[in-house]
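To be precise, the following lines are coords24.pdb, and they hold PDB, C-alpha atoms, pLDDT in the B column.
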```pdb
ATOM      1  CA  MET U   1       5.113  -0.550   2.535  1.00 80.00           C
ATOM      2  CA  ALA U   2       4.612  -0.629  -1.228  1.00 93.00           C
ATOM      3  CA  ARG U   3       3.195   1.818  -3.783  1.00 95.00           C
ATOM      4  CA  ILE U   4       0.500   0.004  -5.782  1.00 97.00           C
ATOM      5  CA  LEU U   5      -1.300   1.281  -8.885  1.00 97.00           C
ATOM      6  CA  VAL U   6      -4.801  -0.134  -9.476  1.00 97.00           C
ATOM      7  CA  VAL U   7      -6.121   0.301 -13.029  1.00 97.00           C
ATOM      8  CA  ASP U   8      -9.771  -0.649 -13.596  1.00 96.00           C
ATOM      9  CA  ASP U   9     -12.692   1.105 -15.268  1.00 94.00           C
ATOM     10  CA  GLU U  10     -15.180  -0.212 -12.671  1.00 93.00           C
ATOM     11  CA  VAL U  11     -15.367   2.173  -9.710  1.00 93.00           C
ATOM     12  CA  GLY U  12     -16.568  -0.586  -7.370  1.00 92.00           C
ATOM     13  CA  ILE U  13     -13.534  -2.756  -8.149  1.00 93.00           C
ATOM     14  CA  ARG U  14     -11.159   0.190  -7.694  1.00 94.00           C
ATOM     15  CA  GLU U  15     -12.627   1.142  -4.328  1.00 92.00           C
ATOM     16  CA  LEU U  16     -12.694  -2.442  -3.047  1.00 93.00           C
ATOM     17  CA  LEU U  17      -9.089  -3.172  -4.005  1.00 95.00           C
ATOM     18  CA  SER U  18      -7.987   0.214  -2.683  1.00 93.00           C
ATOM     19  CA  GLU U  19      -9.597  -0.399   0.692  1.00 92.00           C
ATOM     20  CA  ILE U  20      -8.106  -3.887   1.043  1.00 93.00           C
ATOM     21  CA  LEU U  21      -4.605  -2.811   0.038  1.00 95.00           C
ATOM     22  CA  TYR U  22      -4.754   0.335   2.156  1.00 92.00           C
ATOM     23  CA  ASP U  23      -5.703  -1.741   5.189  1.00 90.00           C
ATOM     24  CA  GLU U  24      -2.607  -3.846   4.497  1.00 91.00           C
ATOM     25  CA  GLY U  25      -0.494  -0.684   4.827  1.00 91.00           C
ATOM     26  CA  HIS U  26       0.148   0.042   1.159  1.00 93.00           C
ATOM     27  CA  THR U  27      -0.053   3.378  -0.653  1.00 94.00           C
ATOM     28  CA  VAL U  28      -2.646   3.044  -3.410  1.00 95.00           C
ATOM     29  CA  GLU U  29      -3.096   5.103  -6.576  1.00 96.00           C
ATOM     30  CA  LEU U  30      -6.221   4.617  -8.711  1.00 96.00           C
ATOM     31  CA  ALA U  31      -6.708   4.952 -12.473  1.00 96.00           C
ATOM     32  CA  GLU U  32      -9.870   4.279 -14.455  1.00 96.00           C
ATOM     33  CA  ASN U  33      -8.336   4.155 -17.926  1.00 96.00           C
ATOM     34  CA  ALA U  34      -5.049   3.848 -19.785  1.00 96.00           C
ATOM     35  CA  ALA U  35      -4.466   7.606 -19.960  1.00 95.00           C
ATOM     36  CA  GLN U  36      -4.659   7.960 -16.181  1.00 96.00           C
ATOM     37  CA  ALA U  37      -2.535   4.823 -15.769  1.00 96.00           C
ATOM     38  CA  ARG U  38       0.221   6.263 -17.979  1.00 96.00           C
ATOM     39  CA  ALA U  39       0.316   9.482 -15.952  1.00 95.00           C
ATOM     40  CA  ALA U  40       0.273   7.624 -12.626  1.00 95.00           C
ATOM     41  CA  ARG U  41       3.022   5.226 -13.785  1.00 95.00           C
ATOM     42  CA  LEU U  42       5.358   8.151 -14.514  1.00 93.00           C
ATOM     43  CA  ARG U  43       4.348  10.154 -11.441  1.00 92.00           C
ATOM     44  CA  MET U  44       4.468   7.599  -8.636  1.00 89.00           C
ATOM     45  CA  ARG U  45       6.796   4.862 -10.014  1.00 92.00           C
ATOM     46  CA  PRO U  46       4.707   2.025  -8.516  1.00 95.00           C
ATOM     47  CA  ASP U  47       6.200  -1.079  -6.954  1.00 96.00           C
ATOM     48  CA  LEU U  48       3.359  -3.142  -8.451  1.00 97.00           C
ATOM     49  CA  VAL U  49       0.443  -2.646 -10.865  1.00 98.00           C
ATOM     50  CA  LEU U  50      -2.956  -4.356 -10.858  1.00 98.00           C
ATOM     51  CA  LEU U  51      -4.157  -3.922 -14.458  1.00 97.00           C
ATOM     52  CA  ASP U  52      -7.591  -4.718 -15.832  1.00 95.00           C
ATOM     53  CA  ILE U  53      -7.623  -6.279 -19.301  1.00 93.00           C
ATOM     54  CA  TRP U  54     -10.908  -4.886 -20.631  1.00 90.00           C
ATOM     55  CA  MET U  55     -11.038  -1.065 -20.600  1.00 90.00           C
ATOM     56  CA  PRO U  56     -12.921   1.308 -22.907  1.00 85.00           C
ATOM     57  CA  ASP U  57     -10.052   3.284 -24.482  1.00 86.00           C
ATOM     58  CA  THR U  58      -6.951   1.114 -24.491  1.00 92.00           C
ATOM     59  CA  ASP U  59      -7.131  -2.460 -23.205  1.00 93.00           C
ATOM     60  CA  GLY U  60      -4.737  -3.694 -20.549  1.00 94.00           C
ATOM     61  CA  VAL U  61      -2.774  -6.004 -22.854  1.00 94.00           C
ATOM     62  CA  SER U  62      -2.101  -3.127 -25.267  1.00 95.00           C
ATOM     63  CA  LEU U  63      -0.979  -0.912 -22.381  1.00 96.00           C
ATOM     64  CA  LEU U  64       1.299  -3.707 -21.168  1.00 96.00           C
ATOM     65  CA  LYS U  65       2.859  -3.944 -24.648  1.00 95.00           C
ATOM     66  CA  GLU U  66       3.303  -0.164 -24.731  1.00 96.00           C
ATOM     67  CA  TRP U  67       5.113  -0.089 -21.384  1.00 95.00           C
ATOM     68  CA  GLY U  68       7.308  -2.987 -22.485  1.00 94.00           C
ATOM     69  CA  SER U  69       8.297  -1.298 -25.745  1.00 94.00           C
ATOM     70  CA  GLN U  70       9.130   1.939 -23.896  1.00 94.00           C
ATOM     71  CA  GLY U  71      11.256   0.250 -21.233  1.00 93.00           C
ATOM     72  CA  LEU U  72       8.719   1.122 -18.536  1.00 93.00           C
ATOM     73  CA  LEU U  73       7.884  -2.444 -17.543  1.00 92.00           C
ATOM     74  CA  ASP U  74      10.290  -2.474 -14.591  1.00 92.00           C
ATOM     75  CA  MET U  75       7.647  -3.390 -11.982  1.00 95.00           C
ATOM     76  CA  PRO U  76       5.517  -6.542 -11.550  1.00 96.00           C
ATOM     77  CA  VAL U  77       2.165  -6.302 -13.347  1.00 97.00           C
ATOM     78  CA  ILE U  78      -0.776  -8.502 -12.366  1.00 96.00           C
ATOM     79  CA  MET U  79      -3.570  -8.662 -14.944  1.00 95.00           C
ATOM     80  CA  MET U  80      -7.241  -8.813 -13.911  1.00 94.00           C
ATOM     81  CA  SER U  81     -10.367  -9.821 -15.826  1.00 89.00           C
ATOM     82  CA  GLY U  82     -13.700 -11.524 -15.466  1.00 83.00           C
ATOM     83  CA  HIS U  83     -14.048 -12.389 -19.147  1.00 78.00           C
ATOM     84  CA  ALA U  84     -10.555 -13.097 -20.447  1.00 69.00           C
ATOM     85  CA  THR U  85      -9.763 -16.285 -22.317  1.00 73.00           C
ATOM     86  CA  ILE U  86      -6.824 -18.561 -21.625  1.00 78.00           C
ATOM     87  CA  ASP U  87      -5.140 -17.253 -24.779  1.00 83.00           C
ATOM     88  CA  THR U  88      -5.390 -13.670 -23.488  1.00 84.00           C
ATOM     89  CA  ALA U  89      -3.882 -14.613 -20.135  1.00 81.00           C
ATOM     90  CA  VAL U  90      -1.054 -16.521 -21.852  1.00 85.00           C
ATOM     91  CA  GLU U  91      -0.363 -13.577 -24.168  1.00 89.00           C
ATOM     92  CA  ALA U  92      -0.223 -11.145 -21.231  1.00 90.00           C
ATOM     93  CA  THR U  93       2.207 -13.431 -19.415  1.00 89.00           C
ATOM     94  CA  ARG U  94       4.370 -13.715 -22.535  1.00 91.00           C
ATOM     95  CA  ILE U  95       4.514  -9.928 -22.844  1.00 92.00           C
ATOM     96  CA  GLY U  96       5.652  -9.489 -19.272  1.00 93.00           C
ATOM     97  CA  ALA U  97       2.736  -9.819 -16.839  1.00 95.00           C
ATOM     98  CA  MET U  98       3.675 -11.674 -13.670  1.00 94.00           C
ATOM     99  CA  ASP U  99       0.306 -13.278 -12.941  1.00 93.00           C
ATOM    100  CA  PHE U 100      -3.398 -13.209 -13.719  1.00 91.00           C
ATOM    101  CA  LEU U 101      -6.349 -12.728 -11.337  1.00 92.00           C
ATOM    102  CA  GLU U 102      -9.804 -13.833 -12.413  1.00 89.00           C
ATOM    103  CA  LYS U 103     -12.758 -11.775 -11.177  1.00 89.00           C
ATOM    104  CA  PRO U 104     -14.419 -11.949  -8.747  1.00 88.00           C
ATOM    105  CA  ILE U 105     -11.119 -11.789  -6.882  1.00 91.00           C
ATOM    106  CA  THR U 106     -10.992 -13.481  -3.493  1.00 90.00           C
ATOM    107  CA  LEU U 107      -9.245 -11.720  -0.625  1.00 91.00           C
ATOM    108  CA  GLN U 108      -6.830 -14.585   0.016  1.00 91.00           C
ATOM    109  CA  ARG U 109      -5.877 -14.890  -3.665  1.00 93.00           C
ATOM    110  CA  LEU U 110      -5.378 -11.114  -3.977  1.00 95.00           C
ATOM    111  CA  LEU U 111      -3.118 -10.798  -0.949  1.00 94.00           C
ATOM    112  CA  LYS U 112      -1.109 -13.889  -1.853  1.00 94.00           C
ATOM    113  CA  THR U 113      -0.542 -12.724  -5.439  1.00 95.00           C
ATOM    114  CA  VAL U 114       0.343  -9.162  -4.405  1.00 96.00           C
ATOM    115  CA  ALA U 115       2.812 -10.445  -1.808  1.00 94.00           C
ATOM    116  CA  ALA U 116       4.455 -12.688  -4.406  1.00 94.00           C
ATOM    117  CA  GLY U 117       4.665  -9.812  -6.870  1.00 94.00           C
ATOM    118  CA  LEU U 118       6.256  -7.456  -4.374  1.00 94.00           C
ATOM    119  CA  ALA U 119       8.763 -10.117  -3.326  1.00 92.00           C
ATOM    120  CA  ARG U 120       9.674 -10.716  -6.955  1.00 87.00           C
ATOM    121  CA  GLY U 121       9.983  -7.009  -7.650  1.00 74.00           C
ATOM    122  CA  ARG U 122      12.586  -6.380  -4.969  1.00 51.00           C
ATOM    123  CA  VAL U 123      15.812  -7.021  -6.860  1.00 43.00           C
ATOM    124  CA  PRO U 124      18.838  -6.704  -4.573  1.00 44.00           C
ATOM    125  CA  HIS U 125      21.427  -4.221  -5.765  1.00 39.00           C
ATOM    126  CA  PRO U 126      25.050  -5.429  -5.739  1.00 40.00           C
ATOM    127  CA  ALA U 127      27.111  -3.929  -2.977  1.00 43.00           C
ATOM    128  CA  PRO U 128      29.722  -1.413  -4.168  1.00 44.00           C
ATOM    129  CA  VAL U 129      33.326  -2.569  -4.024  1.00 43.00           C
ATOM    130  CA  ALA U 130      35.051  -0.672  -1.255  1.00 46.00           C
ATOM    131  CA  ALA U 131      38.608   0.579  -1.539  1.00 46.00           C
ATOM    132  CA  PRO U 132      41.161  -0.922   0.872  1.00 48.00           C
ATOM    133  CA  VAL U 133      41.291   0.887   4.208  1.00 44.00           C
ATOM    134  CA  ALA U 134      43.673   0.826   7.111  1.00 47.00           C
ATOM    135  CA  ALA U 135      42.968  -1.653   9.898  1.00 47.00           C
ATOM    136  CA  SER U 136      42.257   1.084  12.432  1.00 45.00           C
ATOM    137  CA  THR U 137      39.777   2.732  10.055  1.00 44.00           C
ATOM    138  CA  ALA U 138      38.055  -0.599   9.415  1.00 45.00           C
ATOM    139  CA  VAL U 139      37.587  -1.166  13.158  1.00 45.00           C
ATOM    140  CA  ALA U 140      36.167   2.331  13.550  1.00 47.00           C
ATOM    141  CA  LEU U 141      33.718   1.749  10.678  1.00 42.00           C
ATOM    142  CA  GLU U 142      32.583  -1.566  12.144  1.00 48.00           C
ATOM    143  CA  ASP U 143      31.918   0.121  15.487  1.00 46.00           C
ATOM    144  CA  GLU U 144      29.949   2.874  13.748  1.00 46.00           C
ATOM    145  CA  LEU U 145      27.855   0.544  11.573  1.00 46.00           C
ATOM    146  CA  ASP U 146      27.253  -2.093  14.237  1.00 47.00           C
ATOM    147  CA  PRO U 147      27.439  -0.426  17.649  1.00 45.00           C
ATOM    148  CA  PRO U 148      27.432  -2.882  20.573  1.00 43.00           C
ATOM    149  CA  THR U 149      24.616  -0.972  22.279  1.00 42.00           C
ATOM    150  CA  LEU U 150      22.177  -2.084  19.559  1.00 39.00           C
ATOM    151  CA  SER U 151      22.754  -5.795  20.105  1.00 41.00           C
ATOM    152  CA  ALA U 152      20.989  -6.148  23.434  1.00 42.00           C
ATOM    153  CA  ALA U 153      18.626  -3.443  24.662  1.00 42.00           C
ATOM    154  CA  PRO U 154      17.552  -3.855  28.310  1.00 47.00           C
ATOM    155  CA  ALA U 155      14.082  -5.362  28.570  1.00 43.00           C
ATOM    156  CA  ASN U 156      12.930  -2.702  31.030  1.00 46.00           C
ATOM    157  CA  GLU U 157      13.262  -0.044  28.302  1.00 47.00           C
ATOM    158  CA  VAL U 158      10.284  -1.503  26.393  1.00 44.00           C
ATOM    159  CA  PRO U 159       7.114   0.291  27.563  1.00 54.00           C
ATOM    160  CA  VAL U 160       5.113  -2.927  28.002  1.00 52.00           C
ATOM    161  CA  THR U 161       3.643  -3.859  31.371  1.00 59.00           C
ATOM    162  CA  ALA U 162       3.979  -7.315  32.918  1.00 57.00           C
ATOM    163  CA  ASN U 163       0.400  -8.201  31.967  1.00 63.00           C
ATOM    164  CA  GLY U 164       0.965  -7.426  28.276  1.00 66.00           C
ATOM    165  CA  GLN U 165      -0.401  -3.892  28.074  1.00 66.00           C
ATOM    166  CA  LEU U 166       1.011  -1.154  25.860  1.00 67.00           C
ATOM    167  CA  GLY U 167      -0.745   1.866  27.278  1.00 68.00           C
ATOM    168  CA  SER U 168      -4.431   0.991  26.987  1.00 76.00           C
ATOM    169  CA  ILE U 169      -3.827  -1.622  24.265  1.00 80.00           C
ATOM    170  CA  SER U 170      -3.713  -5.294  25.213  1.00 81.00           C
ATOM    171  CA  LEU U 171      -0.959  -7.132  23.353  1.00 78.00           C
ATOM    172  CA  ASP U 172      -2.642 -10.483  24.005  1.00 80.00           C
ATOM    173  CA  GLN U 173      -5.390  -9.832  21.434  1.00 79.00           C
ATOM    174  CA  PRO U 174      -5.174 -10.551  17.669  1.00 80.00           C
ATOM    175  CA  LEU U 175      -2.985  -8.187  15.653  1.00 78.00           C
ATOM    176  CA  ARG U 176      -5.859  -6.649  13.643  1.00 72.00           C
ATOM    177  CA  GLU U 177      -7.793  -5.761  16.815  1.00 77.00           C
ATOM    178  CA  ALA U 178      -4.691  -4.298  18.479  1.00 77.00           C
ATOM    179  CA  ARG U 179      -3.973  -2.282  15.338  1.00 78.00           C
ATOM    180  CA  ASP U 180      -7.549  -0.971  15.262  1.00 79.00           C
ATOM    181  CA  GLU U 181      -7.222   0.205  18.867  1.00 81.00           C
ATOM    182  CA  PHE U 182      -3.948   1.980  18.104  1.00 83.00           C
ATOM    183  CA  GLU U 183      -5.375   3.620  14.979  1.00 82.00           C
ATOM    184  CA  ARG U 184      -8.450   4.764  16.916  1.00 82.00           C
ATOM    185  CA  ILE U 185      -6.252   6.458  19.530  1.00 87.00           C
ATOM    186  CA  TYR U 186      -4.004   7.891  16.801  1.00 84.00           C
ATOM    187  CA  PHE U 187      -6.789   9.464  14.741  1.00 83.00           C
ATOM    188  CA  GLU U 188      -8.737  10.744  17.760  1.00 84.00           C
ATOM    189  CA  TYR U 189      -5.552  12.455  18.934  1.00 86.00           C
ATOM    190  CA  HIS U 190      -5.026  14.212  15.601  1.00 86.00           C
ATOM    191  CA  LEU U 191      -8.707  15.177  15.286  1.00 85.00           C
ATOM    192  CA  VAL U 192      -8.568  16.938  18.633  1.00 86.00           C
ATOM    193  CA  ARG U 193      -5.156  18.442  17.914  1.00 86.00           C
ATOM    194  CA  GLU U 194      -6.306  19.879  14.572  1.00 84.00           C
ATOM    195  CA  SER U 195      -9.739  21.002  15.913  1.00 85.00           C
ATOM    196  CA  HIS U 196     -11.474  18.430  13.671  1.00 83.00           C
ATOM    197  CA  SER U 197     -10.208  20.090  10.493  1.00 85.00           C
ATOM    198  CA  MET U 198     -10.196  17.230   8.005  1.00 82.00           C
ATOM    199  CA  THR U 199      -7.843  19.129   5.721  1.00 83.00           C
ATOM    200  CA  ARG U 200      -5.206  19.516   8.432  1.00 84.00           C
ATOM    201  CA  VAL U 201      -5.708  15.955   9.718  1.00 84.00           C
ATOM    202  CA  SER U 202      -5.261  14.693   6.150  1.00 82.00           C
ATOM    203  CA  GLU U 203      -2.015  16.655   5.810  1.00 83.00           C
ATOM    204  CA  ARG U 204      -0.779  15.590   9.252  1.00 83.00           C
ATOM    205  CA  THR U 205      -1.449  11.861   8.774  1.00 84.00           C
ATOM    206  CA  GLY U 206      -0.484  11.729   5.100  1.00 79.00           C
ATOM    207  CA  LEU U 207      -3.815  10.228   3.999  1.00 74.00           C
ATOM    208  CA  GLU U 208      -5.991  11.418   1.150  1.00 73.00           C
ATOM    209  CA  ARG U 209      -9.333  12.745   2.389  1.00 74.00           C
ATOM    210  CA  THR U 210     -11.253   9.857   0.787  1.00 75.00           C
ATOM    211  CA  HIS U 211      -9.110   7.292   2.592  1.00 73.00           C
ATOM    212  CA  LEU U 212      -9.246   9.335   5.789  1.00 78.00           C
ATOM    213  CA  TYR U 213     -13.068   9.441   5.828  1.00 80.00           C
ATOM    214  CA  ARG U 214     -13.203   5.709   5.075  1.00 78.00           C
ATOM    215  CA  LYS U 215     -10.757   4.910   7.866  1.00 79.00           C
ATOM    216  CA  LEU U 216     -12.630   7.028  10.437  1.00 83.00           C
ATOM    217  CA  LYS U 217     -15.909   5.375   9.471  1.00 82.00           C
ATOM    218  CA  GLN U 218     -14.310   1.944   9.757  1.00 78.00           C
ATOM    219  CA  LEU U 219     -13.012   2.752  13.247  1.00 82.00           C
ATOM    220  CA  GLY U 220     -16.340   4.247  14.356  1.00 85.00           C
ATOM    221  CA  ILE U 221     -14.900   7.735  14.894  1.00 86.00           C
ATOM    222  CA  GLU U 222     -17.008  10.854  14.445  1.00 78.00           C
ATOM    223  CA  SER U 223     -15.211  12.963  11.827  1.00 65.00           C
ATOM    224  CA  ALA U 224     -17.086  16.193  12.573  1.00 57.00           C
ATOM    225  CA  ARG U 225     -17.025  18.120  15.819  1.00 50.00           C
ATOM    226  CA  LYS U 226     -20.202  17.609  17.811  1.00 45.00           C
ATOM    227  CA  ARG U 227     -22.161  20.797  18.348  1.00 40.00           C
ATOM    228  CA  GLY U 228     -24.130  21.473  21.451  1.00 40.00           C
ATOM    229  CA  ALA U 229     -27.891  21.884  21.311  1.00 36.00           C
TER     230      ALA U 229
END
```

Translate this file's structure into structure tokens.
Amino acid sequence: MARILVVDDEVGIRELLSEILYDEGHTVELAENAAQARAARLRMRPDLVLLDIWMPDTDGVSLLKEWGSQGLLDMPVIMMSGHATIDTAVEATRIGAMDFLEKPITLQRLLKTVAAGLARGRVPHPAPVAAPVAASTAVALEDELDPPTLSAAPANEVPVTANGQLGSISLDQPLREARDEFERIYFEYHLVRESHSMTRVSERTGLERTHLYRKLKQLGIESARKRGA
């Protein structure tokens, strides 16, 4: 999925947006001011930025102008504010912002705008012009790139039972519930495997400890090993 940078000086807004976007499968980096946003922009090269307009050191519009003047505005930027005027939103759009979200931000509006931004940000690269090759070489390349065995895999190779079960997970339930069941099994497996060491589980799953604790709490999983009386 995408790498998204959230820039907002309000910790509650940062945590809320982070949790929503993380649950959608994205990698989220947080910044509370322009200085942190500059460092994160260079470090992670985000696919999309959610940028608050009103911040204590440098406001979002000024940061947007700075990135534009430095040639760093190569990703979609969505501005956010609860107090911005129409003129401010128009100015941000003129500078290079893709869209504007007014706080409080609804879940549906957030996801729709982020999806549109990510779709807009994916610019297809032109295919390189290949040199002429012999007919026999071309046939060999076609077989290598598009092997016949990939076109029709036998149905009995899919580990799904006739009643729609994938292991202990029912595939007839809504996607979010099925995903929660899978994640519960996944994290419980790694907790046992790593003897409930949150550091090792964090490294193994690729999640920051803050996100890991939040995910375990959401799934109702005990993060610490239970001790006997």

For this session: Report the distance between CA of Glu188 (chain U) and CA of Glu222 (chain U) in Å, rounded to one decimal place.
Result: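 Between CA of Glu188 (chain U) and CA of Glu222 (chain U) the gap is 8.9 Å.
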
For this session: Would you work out the distance separating CA of Leu48 (chain U) from CA of Leu118 (chain U), expressed in Å to one decimal?
Result: 6.6 Å

For this session: Fewer than 6 positions away in the same chain doesn't count, so skip those; otherwise give me all residues within 10 Å of Thr199 (chain U), counting only C-alpha atoms, as an MDAnalysis selection string.
Result: chainID U and resid 207:209 212

For this session: Calculate how many Å separate CA of Leu216 (chain U) from CA of Ala178 (chain U), rounding to one decimal.
Result: 16.0 Å

Exercise. Ser69 (chain U): which residues within 12 Å, counting only C-alpha atoms, same-chain residues fewer than 5 positions away excluded, as an NGL selection string?
Worked result: :U and (62-64 or 74 or 95-96)

Seminar exercise, completed: Trp67 (chain U) proximity check over U:Lys103, U:Lys112, U:Arg176, U:Arg41, using all atoms listed in the file: winner is U:Arg41

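Among the candidates U:Arg109, U:Arg200, U:Arg184, U:Arg120, the residue lying nearest to Val77 (chain U) is U:Arg120 (atoms considered: only C-alpha atoms).
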
Problem set entry | Non-local contacts of Glu32 (chain U) (12 Å; only C-alpha atoms; under 2 positions in same chain excluded) as a ChimeraX atom specification | /U:5-15,29-30,34-40,50-60

For this session: Name the residues in contact with Gly121 (chain U) at a cut-off of 12 Å, using all atoms listed in the file, excluding same-chain residues fewer than 3 positions from it; report them as a list in words.
Result: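 The neighbour list is Ala2, Arg3, Ile4, Pro46, Asp47, Leu48, Val49, Leu73, Asp74, Met75, Pro76, Val77, Ile78, Met98, Val114, Ala115, Ala116, Gly117, Leu118, Pro124 and His125 of chain U.
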
For this session: Find the residue from U:Val28, U:Ile169, U:Leu191, U:Met80 that sits nearest to Glu203 (chain U); use all atoms listed in the file when measuring.
Result: U:Leu191

For this session: Go through U:Ile185, U:Ala92, U:Ile105, U:Ile86 one by one, measure the shortest atom-to-atom distance of each to Ser168 (chain U) using only C-alpha atoms, and give the residue with the smallest value.
Result: U:Ile185
